Structure formats: C-alpha cells, structure tokens
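**Q** Here it is, the structure in full.
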Amino acid sequence: MAKKETDKISSLPEELLLNIVSSLPFKEAAKTCILSKKWLKMWQSTNTVNNNQLECNNVEVPQRKAFKNFIKIWITLHKNHHLHDKFTLRVSPPSNCCDIVGAYVDFAVEDGVKDLELDFAEAQWEDEHPEENIHDASVEFPRHLYENKKLHQKLESLKLHSCSFETKNFAKFVALKDVTLAWIPLKLESIRTLLSTCEWMESLSLKNCWDIESFDVKKLKLKKLVIDRCIIGTDYIGFEAPNLKVFKYCGTVPPVSEVKVEAGTIEEADLDLSPMDEFFECGNELQNFLQDFFAVNVLTVCSVILQVIPSGDEPVRLPGGLRVRHLKMKIQMHPQEFCGFLWFLNSCRRLTKVTIDLHHCNILSEYEAPYDVDLKNFWKRLPVPTCFRRSLREVEMNGFIATSDQLYACSYFISAASILRKLSINVLNNKNDDPHTVEMRRILASQLLHIPKASRNLAIIIR
Amino acid sequence: MSGISDTERMITLKTVEGTLFDVKSSIAKDLKTVQAFIDDSDDDVTSPIPLPNVFTRELSRILDYLNNHHRFRSGIEKADEEMARYDAEFAKSMSHEELKALILAANYLNVKDLLEFLNQTVADVIQNKSVEFVRNFFGIENDYTPEEEEKLRNENEWAFNGVEQD
C-alpha cells in the first residue's frame, strides 16, 4: 500500500475493506470495481459473499448481457468456495432471463443450498390493491431440478415469487420445512396437494395469491401459517391445525372462519385488515374470527380492526374474553379507533403488556360509531377495564408524535392502571426529522410526568 | 464452581493516552486479543494490560456496546427490540471518521460481533452513494483514466443506475 494511504486514518487495511465489501449486496459490491484498479481485483477475489443476493431490476435489454457476464464471472470465481446456505435471486422484469435463472439456480443447488428464494415480482405490485394484482408468472421453476437428489436432501426453505411450479413434484423434497408462495394463481386442490405431499412442512406463507376458491383444508400439521392479501373466492378459511403456533392474516375483509387450533399450542396471531376499502359493519364476522384465536398469548391488530370490531352485537367487549397477554396495536390513535381500543382492553382481561406502534393508518370513510359516544370528549370519563386493575404491567408506545389524542391515551394508562410498572414512550425520530420537532415531542410528552399516577411503582421513560 | 469467582474478577486495561478501564472478566472474554493475553500469562494478571493501538474514545465505545449487549442478552424477556434500538443509536452517534477508527480498534481487539455490526453499518452508509463519496470515505485515489472509467461504467451500467447524487 502506498505510504500516503496508510498515513491517513481515512484508509483501512485491505482485509477490513474486504470484510465490508462482503457485507454488501451483489450489485453494490460490483460497483466497487470502479473505485480504483486495486478494488477491481479485490472484488473479484472476495471469496465469501455474505449476501448471495443477485438483483437485476429494470435492467434494459442491452445491459442484460453485461449482467449475465458478471454472474458468469462470479459463479466461476466462487465455484470452489462454499458460500452460505442462502441464495436469493431477484430479477424484474423477468423476461428473457431463463438462462440467468438456470445458471444461478444450478450453481446454488451444486453448492448445497438450504434456503432458496426466487423473486420475479415487480416492486410496484406491492402498492396495488389486492383485487388488481393479477400478473401472470413468466418464469417457471427449472424442471430438471425436481429430480435433483441434492435438492431433495438439502432444501429446507423455498420462496417463489411470481414463479410457477408443479405442486406434486415437491413430494421428494424431504427436507422442505418452510414454503412461501407469492404472486401466483393457486387452486385449492394445489394447496391440498402441497400440504399432503410435503409432510414435513412446518411453515406455509401465501402472499398475494389468487384463484383460491376457498381455503378449506381439513387437517394441517403446520406450525406457522400466513395468508397475506390473497384473493379467496368465498372468503372462507377453515382448517384444523393442532400444531399451529403462529397465524397471520391480511385481507380486505374478515374471512368466514371455521378454524380450530389447540389452546395450549397457539402462541401468536396477527390480524391485519388495513387494505379494507371503506367502513362496513363486519364486527360479527370479525369477532367470530377472533374467537377462534381466543387462546393466543400475543395478538397483533391494526387500525382498521379497531374501527370495525365494535360494529356488531357486542360493541363493548368479547363475551368470554381473550386470553391475550401481550396486545400489539398498530394504530394512529384516531377518534375512529377509540371504541375498538376500549373493546380490546375490555376483552383482554389478563393483559400484562400493551405495545402501541403509532403511524399513519387507513382511516375508513363512511365510518359509523357503534354506540352513542362523544368522540371529541372521549377521554373525559372512561371506565377502568379489568386488566388495568389486575394484570397490566407494561405499556410501550412507539412512533409517538404527541398529538392530543396520543397524550390523552397515555394519561389514561397513567391515571387508571393501578399496577402498571412501566410506561415507555419512544418519540418518533426518523433520519429526516427536524431535531427541534423531535425535541418538541419530548417536551410535550414530559407533561405526562405531572399526572397523578394510579400505580405506586410506575416508571415513565421518555426517549 | 469457579464460575462465580470468574465473573467477579476485574481486568484493568490501559489505552494509548494512559487512561485505565476496569472491565469485568466476563466482558473481557469478548475482547479476544485481551483474553488471549490473559490465557498466555503464567500468573494472574494484576497489572494493567497496555493496549498500544487503542485510544480512550474507542475503548470506551467498545465497552459501552459490550456492556449493553450483555445486559440485553441476560434479561428474562427478549430484549430484541431494545437491542435493535440501541444499535441504531450507537451507529448514528458516530461520524464517519469515528466509525473507521472504531473498526480499527475492534479489529485489533478482535471483537467479532461488534466488528460484524460495524462492517454492516459501513456497508449501509456506502450503499447507493456516488463513487466520489465512497472514494472519499475510504481515502482511495482514483487510478483510472477518465476514458477507462467511462468504459467500465458503460459496460456495467446495470450496477450504477439508482445512485444518489453527491
């Protein structure tokens, strides 16, 4: 190294630079070739690539050739080195890339890949409404791989985004535990086949899939199931899953549900209705759905759920209650959420911890309050839920921006939760936030310290 | 058996400026260079261990990081979120020069987890930045002619689109 470089603290020795380059995604690491000639050689010699992520987004056709060349070099260079077990390939738009996919996947398989992700979805699809996200998959899972013995023995996790495949061919993949399928049409028959042939599967995630007539699966061995923004014809979800620990659902409506889980086994449920278009009274269906998961320990709900859940026969609480210990709410603290907020606090009689992640939410149009309530003066005279007196120990608020409703909500906890030990308020502080604004939020939050506390041992922490 | 006496033992470290730091031996285990020194010593190490390449500012940060991470990991409840928050603040609190100085110190002291974290932090800093920024950051002299650089860039334009303007 030239003496000039070693004198300045601003240069790090080569081995440390190599470590940093190895932490970069492929595309970024490729860019380092232009820093200097020495770096070009250095990049070509990195023999551990932490991030086996190849991304090729919006690449114009002439550039494809250069990209393919880079991959060829990369693959040749790494042929003798065992890379990490995880391989990810993202190409969008995926036209004309079958040879890239082929070469890359072959290489991954040769290397004994355990965790393979093939992503051909386009970034902008995420923002589309679930009803509109029908995009034909233009890439197929390489056929010759279905018979590959190495893959049968080694592959534990497979994620296919906008990549079609033959369900019944996965029967031989005996190590496959974790499957994610996204952006493809999926008939109920295929789902049933997949579940019965891959007996060792523990986790299944379906994301943005469509054509599912109904999700009617008799018996599931899964430990984790995710149904995320899928289009299910009849909105029906029915299954019996005695091993299920984690369940996540995201959709535009609450499903018609007939779900049976084991009370001692089910741990977590995450219900998300944020894609809902406008308010309608689906409180009964939603409560029915929630009832199936009454025994979870950790429940996560969104703003829309709070807005619609009291709209039904039980506007105040779920009769029979929920056994939830830790309630997580992703809400805005908007007046339309108040009745639902109380509904959950009333229903979770054994609640020990509440986490509120504040952010901008979908506030539904055409909202109607479930009962006669003055939302403007909501906080003035509130009942004290059972959990406040018996079990609630900790409350955490994140993304706090000190709106008056957020402050009122905090003071509700402070003045009514009689065994509360800790209230943490984490003020919103993003990279782009003005430090004065952040300071203002903290100052407003500190007003809460003067409120008379219901609990003798309450610590209020403002960050 | 000897477990209890192990964690109570304190090790003293001395930085370049002569500042002394008392460190629990359970924390010192994460400073692999220091631990190797202790293991190699015949007798119990009583006098301060000199660290000729480590400045007070860096050692202080490293110990802060290790102490906090030990605390997060030993809690009864999972403190993953708190740890992530701490890590983010930790990374944000340093200038680029301080970040590089810390990498050098962490490398010398062989603090594996911290080093991985710092590498990722630097990788995050330089991602999507212009070439000039990255050259500046690492103190690299450009030895390409303008023509050579242009050619390399054009051939691999797929890698260069989407870069922040300096």
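In the structure tokens, chains take the letters A, B, ... in the order shown, each chain's residues start at 1, and ligands count up from 1 in the order shown.
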For Phe117 in chain B, list every protein, DNA or RNA residue within 10 Å, evaluated using only C-alpha atoms, and leave out those in the same chain fewer than 5 positions away; present the list as a list in words.
**A** Ser23 of chain A; Asp87, Ala91, Ile103, Lys112, Val122 and Ala123 of chain B
**Q** Which residues are close to Gln120 in chain B, i.e. within 12 Å by only C-alpha atoms, leaving aside same-chain residues fewer than 6 positions away? Reply as a VMD selection string.
**A** (chain A and resid 16 to 25 50 to 51) or (chain B and resid 87 to 88 91 99 103 113 to 114 126 to 127)
**Q** Based on only C-alpha atoms, which of the residues in chain B come within 9 Å of chain A? I want them as a compact mmCIF listing (two decimals) with N, CA and C atoms, in the first residue's frame.
**A**
```
# COMPACT_ATOMS: atom_id res chain seq x y z
N HIS B 96 -18.15 9.55 10.33
CA HIS B 96 -17.52 8.51 9.50
C HIS B 96 -16.10 8.22 9.97
N GLU B 97 -15.39 9.26 10.37
CA GLU B 97 -14.03 9.06 10.85
C GLU B 97 -14.03 8.21 12.12
N LYS B 100 -14.67 4.55 11.33
CA LYS B 100 -13.49 3.84 10.83
C LYS B 100 -12.49 3.58 11.96
N ALA B 101 -12.32 4.59 12.84
CA ALA B 101 -11.40 4.40 13.96
C ALA B 101 -11.88 3.25 14.84
N ILE B 103 -13.65 0.66 13.87
CA ILE B 103 -13.42 -0.61 13.18
C ILE B 103 -11.99 -1.06 13.42
N LEU B 104 -11.05 -0.13 13.30
CA LEU B 104 -9.65 -0.48 13.52
C LEU B 104 -9.45 -1.02 14.94
N ASN B 107 -11.12 -4.38 15.41
CA ASN B 107 -10.35 -5.40 14.71
C ASN B 107 -9.12 -5.79 15.53
N GLU B 116 -18.64 -7.25 13.02
CA GLU B 116 -19.66 -7.58 12.01
C GLU B 116 -20.68 -6.48 11.92
N LEU B 118 -20.29 -3.31 12.73
CA LEU B 118 -19.71 -2.11 12.15
C LEU B 118 -19.53 -2.25 10.64
N ASN B 119 -19.14 -3.45 10.21
CA ASN B 119 -19.00 -3.68 8.77
C ASN B 119 -20.31 -3.46 8.05
N GLN B 120 -21.36 -3.99 8.65
CA GLN B 120 -22.68 -3.83 8.04
C GLN B 120 -23.09 -2.35 8.05
N THR B 121 -22.73 -1.66 9.14
CA THR B 121 -23.06 -0.24 9.23
C THR B 121 -22.37 0.55 8.12
N VAL B 122 -21.10 0.28 7.92
CA VAL B 122 -20.38 0.98 6.85
C VAL B 122 -20.97 0.59 5.50
N ALA B 123 -21.25 -0.69 5.32
CA ALA B 123 -21.86 -1.14 4.06
C ALA B 123 -23.15 -0.38 3.82
N ASP B 124 -23.95 -0.18 4.87
CA ASP B 124 -25.19 0.58 4.72
C ASP B 124 -24.92 2.03 4.35
N ILE B 126 -22.33 3.25 2.63
CA ILE B 126 -21.84 3.48 1.27
C ILE B 126 -22.78 2.96 0.18
N GLN B 127 -23.79 2.22 0.57
CA GLN B 127 -24.73 1.72 -0.44
C GLN B 127 -25.39 2.88 -1.16
N ASN B 128 -25.53 2.76 -2.43
CA ASN B 128 -26.24 3.77 -3.22
C ASN B 128 -25.62 5.16 -3.17
N VAL B 131 -19.69 7.31 -6.49
CA VAL B 131 -18.32 6.80 -6.45
C VAL B 131 -17.39 7.76 -5.73
N GLU B 132 -17.59 9.05 -5.98
CA GLU B 132 -16.74 10.07 -5.35
C GLU B 132 -16.89 10.01 -3.84
N VAL B 134 -17.72 7.41 -2.01
CA VAL B 134 -17.08 6.21 -1.48
C VAL B 134 -15.56 6.33 -1.50
N ARG B 135 -15.05 6.93 -2.58
CA ARG B 135 -13.58 7.13 -2.66
C ARG B 135 -13.12 7.99 -1.50
N ASN B 136 -13.85 9.06 -1.26
CA ASN B 136 -13.56 9.97 -0.17
C ASN B 136 -13.57 9.26 1.18
N PHE B 137 -14.60 8.46 1.33
CA PHE B 137 -14.81 7.76 2.60
C PHE B 137 -13.62 6.86 2.93
N PHE B 138 -13.15 6.12 1.93
CA PHE B 138 -12.06 5.17 2.19
C PHE B 138 -10.69 5.75 1.91
N GLY B 139 -10.65 6.98 1.43
CA GLY B 139 -9.36 7.59 1.12
C GLY B 139 -8.68 6.92 -0.06
N ILE B 140 -9.46 6.65 -1.10
CA ILE B 140 -8.91 5.94 -2.26
C ILE B 140 -8.54 6.92 -3.34
N GLU B 141 -7.38 6.68 -3.94
CA GLU B 141 -7.01 7.52 -5.06
C GLU B 141 -7.43 6.84 -6.35
N ASN B 142 -8.06 7.61 -7.21
CA ASN B 142 -8.55 7.05 -8.45
C ASN B 142 -7.42 6.89 -9.46
N ASP B 143 -7.12 5.64 -9.83
CA ASP B 143 -6.03 5.47 -10.80
C ASP B 143 -6.52 5.08 -12.19
N TYR B 144 -7.80 5.30 -12.44
CA TYR B 144 -8.31 5.09 -13.79
C TYR B 144 -8.16 6.39 -14.57
N GLU B 149 -12.45 4.82 -16.95
CA GLU B 149 -13.58 4.82 -16.02
C GLU B 149 -14.90 4.84 -16.77
N LEU B 152 -15.67 1.40 -18.22
CA LEU B 152 -16.09 0.44 -17.18
C LEU B 152 -17.52 0.72 -16.74
N ARG B 153 -17.82 2.01 -16.60
CA ARG B 153 -19.16 2.40 -16.19
C ARG B 153 -20.20 1.98 -17.22
N GLU B 155 -20.04 -0.30 -19.53
CA GLU B 155 -20.18 -1.75 -19.65
C GLU B 155 -21.06 -2.31 -18.54
N ASN B 156 -21.03 -1.65 -17.42
CA ASN B 156 -21.77 -2.19 -16.28
C ASN B 156 -22.81 -1.24 -15.75
N GLU B 157 -23.50 -0.60 -16.67
CA GLU B 157 -24.47 0.40 -16.26
C GLU B 157 -25.55 -0.16 -15.33
N TRP B 158 -25.85 -1.44 -15.47
CA TRP B 158 -26.90 -2.04 -14.65
C TRP B 158 -26.57 -1.89 -13.17
N ALA B 159 -25.28 -1.84 -12.86
CA ALA B 159 -24.90 -1.73 -11.45
C ALA B 159 -24.97 -0.29 -10.97
N PHE B 160 -24.86 0.65 -11.91
CA PHE B 160 -24.75 2.04 -11.50
C PHE B 160 -26.04 2.84 -11.52
N ASN B 161 -27.11 2.29 -12.03
CA ASN B 161 -28.34 3.10 -12.01
C ASN B 161 -28.90 3.15 -10.60
```
**Q** Can you list every residue in range 204-327 of chain A that DSSP puts in strand (DSSP E or B), as number ranges by chain?
**A** A: 204-207, 210, 212, 215-219, 224-228, 232, 236-241, 246-250, 256-261, 268-272, 298-302, 322, 326-327
**Q** Please determine, counting only C-alpha atoms, which residue among B:Ser95, B:Val111, B:Thr19, B:Thr145 has the shortest atom-to-atom distance to Phe55 in chain B.
**A**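 Distance minimum relative to Phe55 in chain B lands on B:Thr19.
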**Q** Excluding range 406-415 of chain A and residues on its chain fewer than 3 positions from it, collect all residues at most 6 Å away from it, counting only C-alpha atoms, and give them as a PyMOL selection string.
**A** chain A and resi 402-403+453-454
**Q** Please save all heavy atoms of the selected residues as a CSV table (one decimal), in the first residue's frame.
**A**
```csv
chain,number,residue,atom,x,y,z
A,402,ALA,N,-47.0,13.0,19.9
A,402,ALA,CA,-47.6,13.9,20.9
A,402,ALA,C,-48.8,14.6,20.3
A,402,ALA,O,-49.0,15.8,20.6
A,402,ALA,CB,-46.5,14.9,21.4
A,403,THR,N,-49.7,13.9,19.6
A,403,THR,CA,-50.9,14.6,19.3
A,403,THR,C,-51.8,14.5,20.5
A,403,THR,O,-51.5,13.8,21.5
A,403,THR,CB,-51.7,13.7,18.2
A,403,THR,OG1,-52.0,12.4,18.8
A,403,THR,CG2,-51.0,13.6,16.9
A,453,LYS,N,-50.5,9.5,39.4
A,453,LYS,CA,-50.4,8.1,39.0
A,453,LYS,C,-51.3,7.2,39.8
A,453,LYS,O,-51.4,7.3,41.0
A,453,LYS,CB,-49.0,7.6,39.1
A,453,LYS,CG,-48.0,8.4,38.4
A,453,LYS,CD,-46.6,8.0,38.7
A,453,LYS,CE,-45.6,9.0,38.1
A,453,LYS,NZ,-44.2,8.7,38.5
A,454,ALA,N,-51.9,6.2,39.1
A,454,ALA,CA,-52.8,5.3,39.8
A,454,ALA,C,-51.9,4.2,40.5
A,454,ALA,O,-52.3,3.6,41.5
A,454,ALA,CB,-53.7,4.6,38.9
```
**Q** Using only C-alpha atoms, can you tell me which of A:Arg393, A:Lys376, A:Arg441, A:Lys207 comes closest to Ser162 in chain A?
**A**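 Using only C-alpha atoms, Ser162 in chain A sits closest to A:Lys207.
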**Q** Using DSSP on the backbone, list every residue of range 240-356 of chain A that comes out as alpha helix (DSSP H), and give them as a list of chain:residue names.
**A**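 So the alpha helix (DSSP H) residues in range 240-356 of chain A would be A:Gly283, A:Asn284, A:Glu285, A:Leu286, A:Gln287, A:Asn288, A:Phe289, A:Leu290, A:Gln291, A:Ser303, A:Val304, A:Ile305, A:Leu306, A:Gln307, A:Val308, A:Pro335, A:Gln336, A:Glu337, A:Phe338, A:Cys339, A:Gly340, A:Phe341, A:Leu342, A:Trp343, A:Phe344, A:Leu345, A:Asn346, A:Ser347.
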**Q** Compile the contact shell of range 38-53 of chain B as an MDAnalysis selection string: residues with an atom at most 8 Å away, counting only C-alpha atoms, same-chain residues fewer than 5 positions apart removed.
**A** chainID B and resid 11:16 20 105 108
**Q** For Gly112 in chain A, list every protein, DNA or RNA residue within 8 Å, evaluated using only C-alpha atoms, and leave out those in the same chain fewer than 5 positions away; present the list as a list in words.
**A**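 Here the qualifying residues turn out to be Asp85, Lys150, Leu151, Lys154 and Leu155 of chain A.
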**Q** One decimal, Å: what's the distance from CA of His152 in chain A over to CA of Leu195 in chain A, could you say?
**A**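 Taking CA of His152 in chain A and CA of Leu195 in chain A, their separation equals 16.4 Å.
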**Q** Rounded to one decimal in Å, what is the spacing between CA of Ser157 in chain A and CA of Ala108 in chain A?
**A** 13.0 Å
**Q** Can you work out which one of A:Thr180, A:Leu220, A:Glu394, A:Arg229 has the shortest atom-to-atom distance to Glu128 in chain A, counting only C-alpha atoms?
**A**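 Answer, going by the shortest atom-to-atom distance: A:Arg229.
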**Q** Can you tell me, as a tab-separated table (two decimals) with all heavy atoms, in the first residue's frame, what residues are no more than 8 Å from range 181-188 of chain A when counting only C-alpha atoms, ignoring any on the same chain fewer than 2 positions away?
**A**
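Output saved as result-v1.tsv:
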```
chain	number	residue	atom	x	y	z
A	121	ALA	N	-41.17	-10.86	-8.88
A	121	ALA	CA	-42.26	-9.89	-8.75
A	121	ALA	C	-41.71	-8.49	-8.96
A	121	ALA	O	-40.54	-8.24	-8.75
A	121	ALA	CB	-42.88	-10.02	-7.37
A	133	ASN	N	-54.01	-7.27	-8.35
A	133	ASN	CA	-52.64	-7.74	-8.53
A	133	ASN	C	-52.55	-9.08	-9.23
A	133	ASN	O	-51.90	-9.99	-8.75
A	133	ASN	CB	-51.93	-7.80	-7.18
A	133	ASN	CG	-52.61	-8.80	-6.26
A	133	ASN	OD1	-53.32	-9.68	-6.71
A	133	ASN	ND2	-52.38	-8.65	-4.99
A	134	ILE	N	-53.22	-9.19	-10.34
A	134	ILE	CA	-53.15	-10.45	-11.09
A	134	ILE	C	-52.13	-10.28	-12.19
A	134	ILE	O	-52.35	-9.57	-13.14
A	134	ILE	CB	-54.52	-10.77	-11.73
A	134	ILE	CG1	-55.62	-10.58	-10.70
A	134	ILE	CG2	-54.50	-12.12	-12.36
A	134	ILE	CD1	-56.21	-11.81	-10.16
A	135	HIS	N	-50.99	-10.90	-12.00
A	135	HIS	CA	-49.94	-10.80	-13.02
A	135	HIS	C	-49.46	-12.20	-13.33
A	135	HIS	O	-49.03	-12.92	-12.42
A	135	HIS	CB	-48.76	-9.97	-12.48
A	135	HIS	CG	-49.15	-8.60	-12.04
A	135	HIS	ND1	-49.22	-7.54	-12.90
A	135	HIS	CD2	-49.50	-8.11	-10.82
A	135	HIS	CE1	-49.58	-6.45	-12.23
A	135	HIS	NE2	-49.75	-6.77	-10.98
A	136	ASP	N	-49.51	-12.56	-14.56
A	136	ASP	CA	-49.09	-13.93	-14.91
A	136	ASP	C	-47.62	-14.14	-14.63
A	136	ASP	O	-46.80	-13.30	-14.93
A	136	ASP	CB	-49.36	-14.20	-16.39
A	136	ASP	CG	-50.85	-14.34	-16.65
A	136	ASP	OD1	-51.54	-14.88	-15.78
A	136	ASP	OD2	-51.30	-13.86	-17.70
A	137	ALA	N	-47.32	-15.30	-14.08
A	137	ALA	CA	-45.93	-15.61	-13.80
A	137	ALA	C	-45.24	-15.97	-15.10
A	137	ALA	O	-45.70	-16.82	-15.85
A	137	ALA	CB	-45.85	-16.78	-12.84
A	159	LYS	N	-38.71	-20.06	-1.40
A	159	LYS	CA	-39.62	-18.94	-1.59
A	159	LYS	C	-39.72	-18.67	-3.08
A	159	LYS	O	-38.71	-18.39	-3.73
A	159	LYS	CB	-39.07	-17.68	-0.90
A	159	LYS	CG	-38.95	-17.81	0.62
A	159	LYS	CD	-38.55	-16.46	1.22
A	159	LYS	CE	-38.43	-16.53	2.73
A	159	LYS	NZ	-37.27	-17.26	3.23
A	160	LEU	N	-40.91	-18.74	-3.61
A	160	LEU	CA	-41.11	-18.48	-5.04
A	160	LEU	C	-42.07	-17.32	-5.20
A	160	LEU	O	-43.23	-17.39	-4.79
A	160	LEU	CB	-41.68	-19.72	-5.74
A	160	LEU	CG	-40.80	-20.97	-5.71
A	160	LEU	CD1	-41.53	-22.16	-6.33
A	160	LEU	CD2	-39.50	-20.73	-6.47
A	161	HIS	N	-41.58	-16.23	-5.81
A	161	HIS	CA	-42.42	-15.06	-6.05
A	161	HIS	C	-42.63	-14.95	-7.55
A	161	HIS	O	-41.67	-14.77	-8.29
A	161	HIS	CB	-41.74	-13.78	-5.55
A	161	HIS	CG	-41.48	-13.76	-4.09
A	161	HIS	ND1	-42.07	-12.85	-3.25
A	161	HIS	CD2	-40.68	-14.52	-3.30
A	161	HIS	CE1	-41.65	-13.04	-2.01
A	161	HIS	NE2	-40.81	-14.05	-2.01
A	162	SER	N	-43.86	-15.03	-7.98
A	162	SER	CA	-44.20	-14.94	-9.39
A	162	SER	C	-43.41	-15.96	-10.22
A	162	SER	O	-42.85	-15.64	-11.26
A	162	SER	CB	-43.94	-13.52	-9.92
A	162	SER	OG	-44.51	-13.36	-11.20
A	163	CYS	N	-43.37	-17.18	-9.70
A	163	CYS	CA	-42.65	-18.24	-10.37
A	163	CYS	C	-43.52	-19.48	-10.30
A	163	CYS	O	-43.87	-19.94	-9.21
A	163	CYS	CB	-41.32	-18.48	-9.64
A	163	CYS	SG	-40.35	-19.84	-10.26
A	164	SER	N	-43.89	-20.01	-11.44
A	164	SER	CA	-44.82	-21.13	-11.40
A	164	SER	C	-44.11	-22.46	-11.16
A	164	SER	O	-42.90	-22.56	-11.37
A	164	SER	CB	-45.61	-21.19	-12.72
A	164	SER	OG	-44.70	-21.39	-13.79
A	179	VAL	N	-42.19	-23.01	3.22
A	179	VAL	CA	-42.52	-22.66	1.85
A	179	VAL	C	-43.25	-21.34	1.79
A	179	VAL	O	-44.19	-21.11	2.56
A	179	VAL	CB	-43.42	-23.75	1.21
A	179	VAL	CG1	-43.88	-23.33	-0.18
A	179	VAL	CG2	-42.67	-25.08	1.11
A	190	SER	N	-54.35	-27.52	-5.46
A	190	SER	CA	-52.89	-27.43	-5.40
A	190	SER	C	-52.42	-27.26	-3.97
A	190	SER	O	-51.43	-27.86	-3.55
A	190	SER	CB	-52.38	-26.24	-6.20
A	190	SER	OG	-52.79	-26.33	-7.53
A	191	ILE	N	-53.15	-26.44	-3.22
A	191	ILE	CA	-52.75	-26.23	-1.83
A	191	ILE	C	-52.86	-27.53	-1.07
A	191	ILE	O	-51.97	-27.92	-0.31
A	191	ILE	CB	-53.64	-25.15	-1.16
A	191	ILE	CG1	-53.48	-23.83	-1.89
A	191	ILE	CG2	-53.26	-24.99	0.31
A	191	ILE	CD1	-54.35	-22.73	-1.33
A	192	ARG	N	-53.96	-28.24	-1.28
A	192	ARG	CA	-54.16	-29.51	-0.57
A	192	ARG	C	-53.08	-30.51	-0.95
A	192	ARG	O	-52.54	-31.21	-0.09
A	192	ARG	CB	-55.51	-30.10	-0.91
A	192	ARG	CG	-56.66	-29.42	-0.21
A	192	ARG	CD	-57.93	-30.21	-0.37
A	192	ARG	NE	-59.06	-29.57	0.24
A	192	ARG	CZ	-60.26	-29.51	-0.32
A	192	ARG	NH1	-60.48	-30.06	-1.50
A	192	ARG	NH2	-61.26	-28.93	0.32
A	205	SER	N	-46.48	-19.86	3.74
A	205	SER	CA	-46.93	-18.48	3.59
A	205	SER	C	-47.45	-18.29	2.20
A	205	SER	O	-46.77	-18.59	1.22
A	205	SER	CB	-45.76	-17.50	3.80
A	205	SER	OG	-45.21	-17.65	5.07
A	206	LEU	N	-48.66	-17.78	2.10
A	206	LEU	CA	-49.25	-17.48	0.79
A	206	LEU	C	-49.46	-15.99	0.72
A	206	LEU	O	-50.15	-15.41	1.55
A	206	LEU	CB	-50.60	-18.19	0.63
A	206	LEU	CG	-50.54	-19.71	0.77
A	206	LEU	CD1	-51.95	-20.29	0.69
A	206	LEU	CD2	-49.68	-20.32	-0.33
A	207	LYS	N	-48.83	-15.39	-0.28
A	207	LYS	CA	-48.87	-13.93	-0.33
A	207	LYS	C	-49.35	-13.49	-1.70
A	207	LYS	O	-48.81	-13.90	-2.71
A	207	LYS	CB	-47.43	-13.45	-0.06
A	207	LYS	CG	-47.28	-12.00	0.19
A	207	LYS	CD	-45.89	-11.74	0.77
A	207	LYS	CE	-45.15	-10.57	0.15
A	207	LYS	NZ	-45.87	-9.44	-0.32
A	208	ASN	N	-50.36	-12.65	-1.72
A	208	ASN	CA	-50.86	-12.14	-2.99
A	208	ASN	C	-51.15	-13.23	-4.01
A	208	ASN	O	-50.84	-13.09	-5.19
A	208	ASN	CB	-49.85	-11.14	-3.60
A	208	ASN	CG	-49.76	-9.88	-2.79
A	208	ASN	OD1	-48.89	-9.76	-1.95
A	208	ASN	ND2	-50.65	-8.95	-3.02
A	209	CYS	N	-51.71	-14.33	-3.54
A	209	CYS	CA	-52.11	-15.39	-4.48
A	209	CYS	C	-53.58	-15.23	-4.81
A	209	CYS	O	-54.33	-14.63	-4.06
A	209	CYS	CB	-51.87	-16.76	-3.84
A	209	CYS	SG	-50.13	-17.09	-3.53
A	210	TRP	N	-53.99	-15.77	-5.94
A	210	TRP	CA	-55.40	-15.62	-6.31
A	210	TRP	C	-55.89	-16.94	-6.88
A	210	TRP	O	-55.15	-17.91	-6.98
A	210	TRP	CB	-55.57	-14.49	-7.31
A	210	TRP	CG	-54.87	-14.73	-8.62
A	210	TRP	CD1	-55.37	-15.38	-9.71
A	210	TRP	CD2	-53.54	-14.36	-8.95
A	210	TRP	NE1	-54.45	-15.42	-10.71
A	210	TRP	CE2	-53.30	-14.80	-10.28
A	210	TRP	CE3	-52.52	-13.70	-8.27
A	210	TRP	CZ2	-52.08	-14.58	-10.93
A	210	TRP	CZ3	-51.32	-13.49	-8.92
A	210	TRP	CH2	-51.11	-13.94	-10.23
A	211	ASP	N	-57.17	-16.97	-7.22
A	211	ASP	CA	-57.82	-18.17	-7.78
A	211	ASP	C	-58.13	-19.22	-6.73
A	211	ASP	O	-58.56	-20.32	-7.07
A	211	ASP	CB	-56.92	-18.84	-8.83
A	211	ASP	CG	-57.38	-18.50	-10.24
A	211	ASP	OD1	-58.29	-17.64	-10.34
A	211	ASP	OD2	-56.84	-19.05	-11.20
A	212	ILE	N	-57.90	-18.88	-5.48
A	212	ILE	CA	-58.19	-19.85	-4.43
A	212	ILE	C	-59.69	-19.86	-4.21
A	212	ILE	O	-60.26	-18.85	-3.79
A	212	ILE	CB	-57.48	-19.48	-3.11
A	212	ILE	CG1	-56.00	-19.18	-3.35
A	212	ILE	CG2	-57.62	-20.59	-2.09
A	212	ILE	CD1	-55.26	-18.69	-2.12
A	213	GLU	N	-60.33	-20.95	-4.51
A	213	GLU	CA	-61.80	-21.00	-4.39
A	213	GLU	C	-62.23	-20.77	-2.94
A	213	GLU	O	-63.12	-20.00	-2.65
A	213	GLU	CB	-62.37	-22.33	-4.88
A	213	GLU	CG	-62.02	-22.67	-6.32
A	213	GLU	CD	-60.75	-23.52	-6.40
A	213	GLU	OE1	-59.80	-23.24	-5.63
A	213	GLU	OE2	-60.72	-24.45	-7.21
A	214	SER	N	-61.60	-21.52	-2.06
A	214	SER	CA	-61.80	-21.28	-0.63
A	214	SER	C	-60.63	-21.96	0.08
A	214	SER	O	-60.01	-22.85	-0.47
A	214	SER	CB	-63.12	-21.84	-0.13
A	214	SER	OG	-63.03	-23.23	0.08
A	215	PHE	N	-60.33	-21.53	1.27
A	215	PHE	CA	-59.22	-22.16	1.98
A	215	PHE	C	-59.80	-23.19	2.93
A	215	PHE	O	-60.01	-22.94	4.11
A	215	PHE	CB	-58.40	-21.11	2.74
A	215	PHE	CG	-57.07	-21.63	3.20
A	215	PHE	CD1	-55.94	-21.49	2.39
A	215	PHE	CD2	-56.93	-22.27	4.42
A	215	PHE	CE1	-54.71	-21.98	2.81
A	215	PHE	CE2	-55.71	-22.76	4.84
A	215	PHE	CZ	-54.60	-22.62	4.04
A	216	ASP	N	-60.10	-24.36	2.34
A	216	ASP	CA	-60.79	-25.39	3.11
A	216	ASP	C	-59.89	-26.61	3.19
A	216	ASP	O	-59.88	-27.45	2.30
A	216	ASP	CB	-62.10	-25.72	2.40
A	216	ASP	CG	-62.91	-26.76	3.15
A	216	ASP	OD1	-62.51	-27.12	4.27
A	216	ASP	OD2	-63.94	-27.18	2.60
```
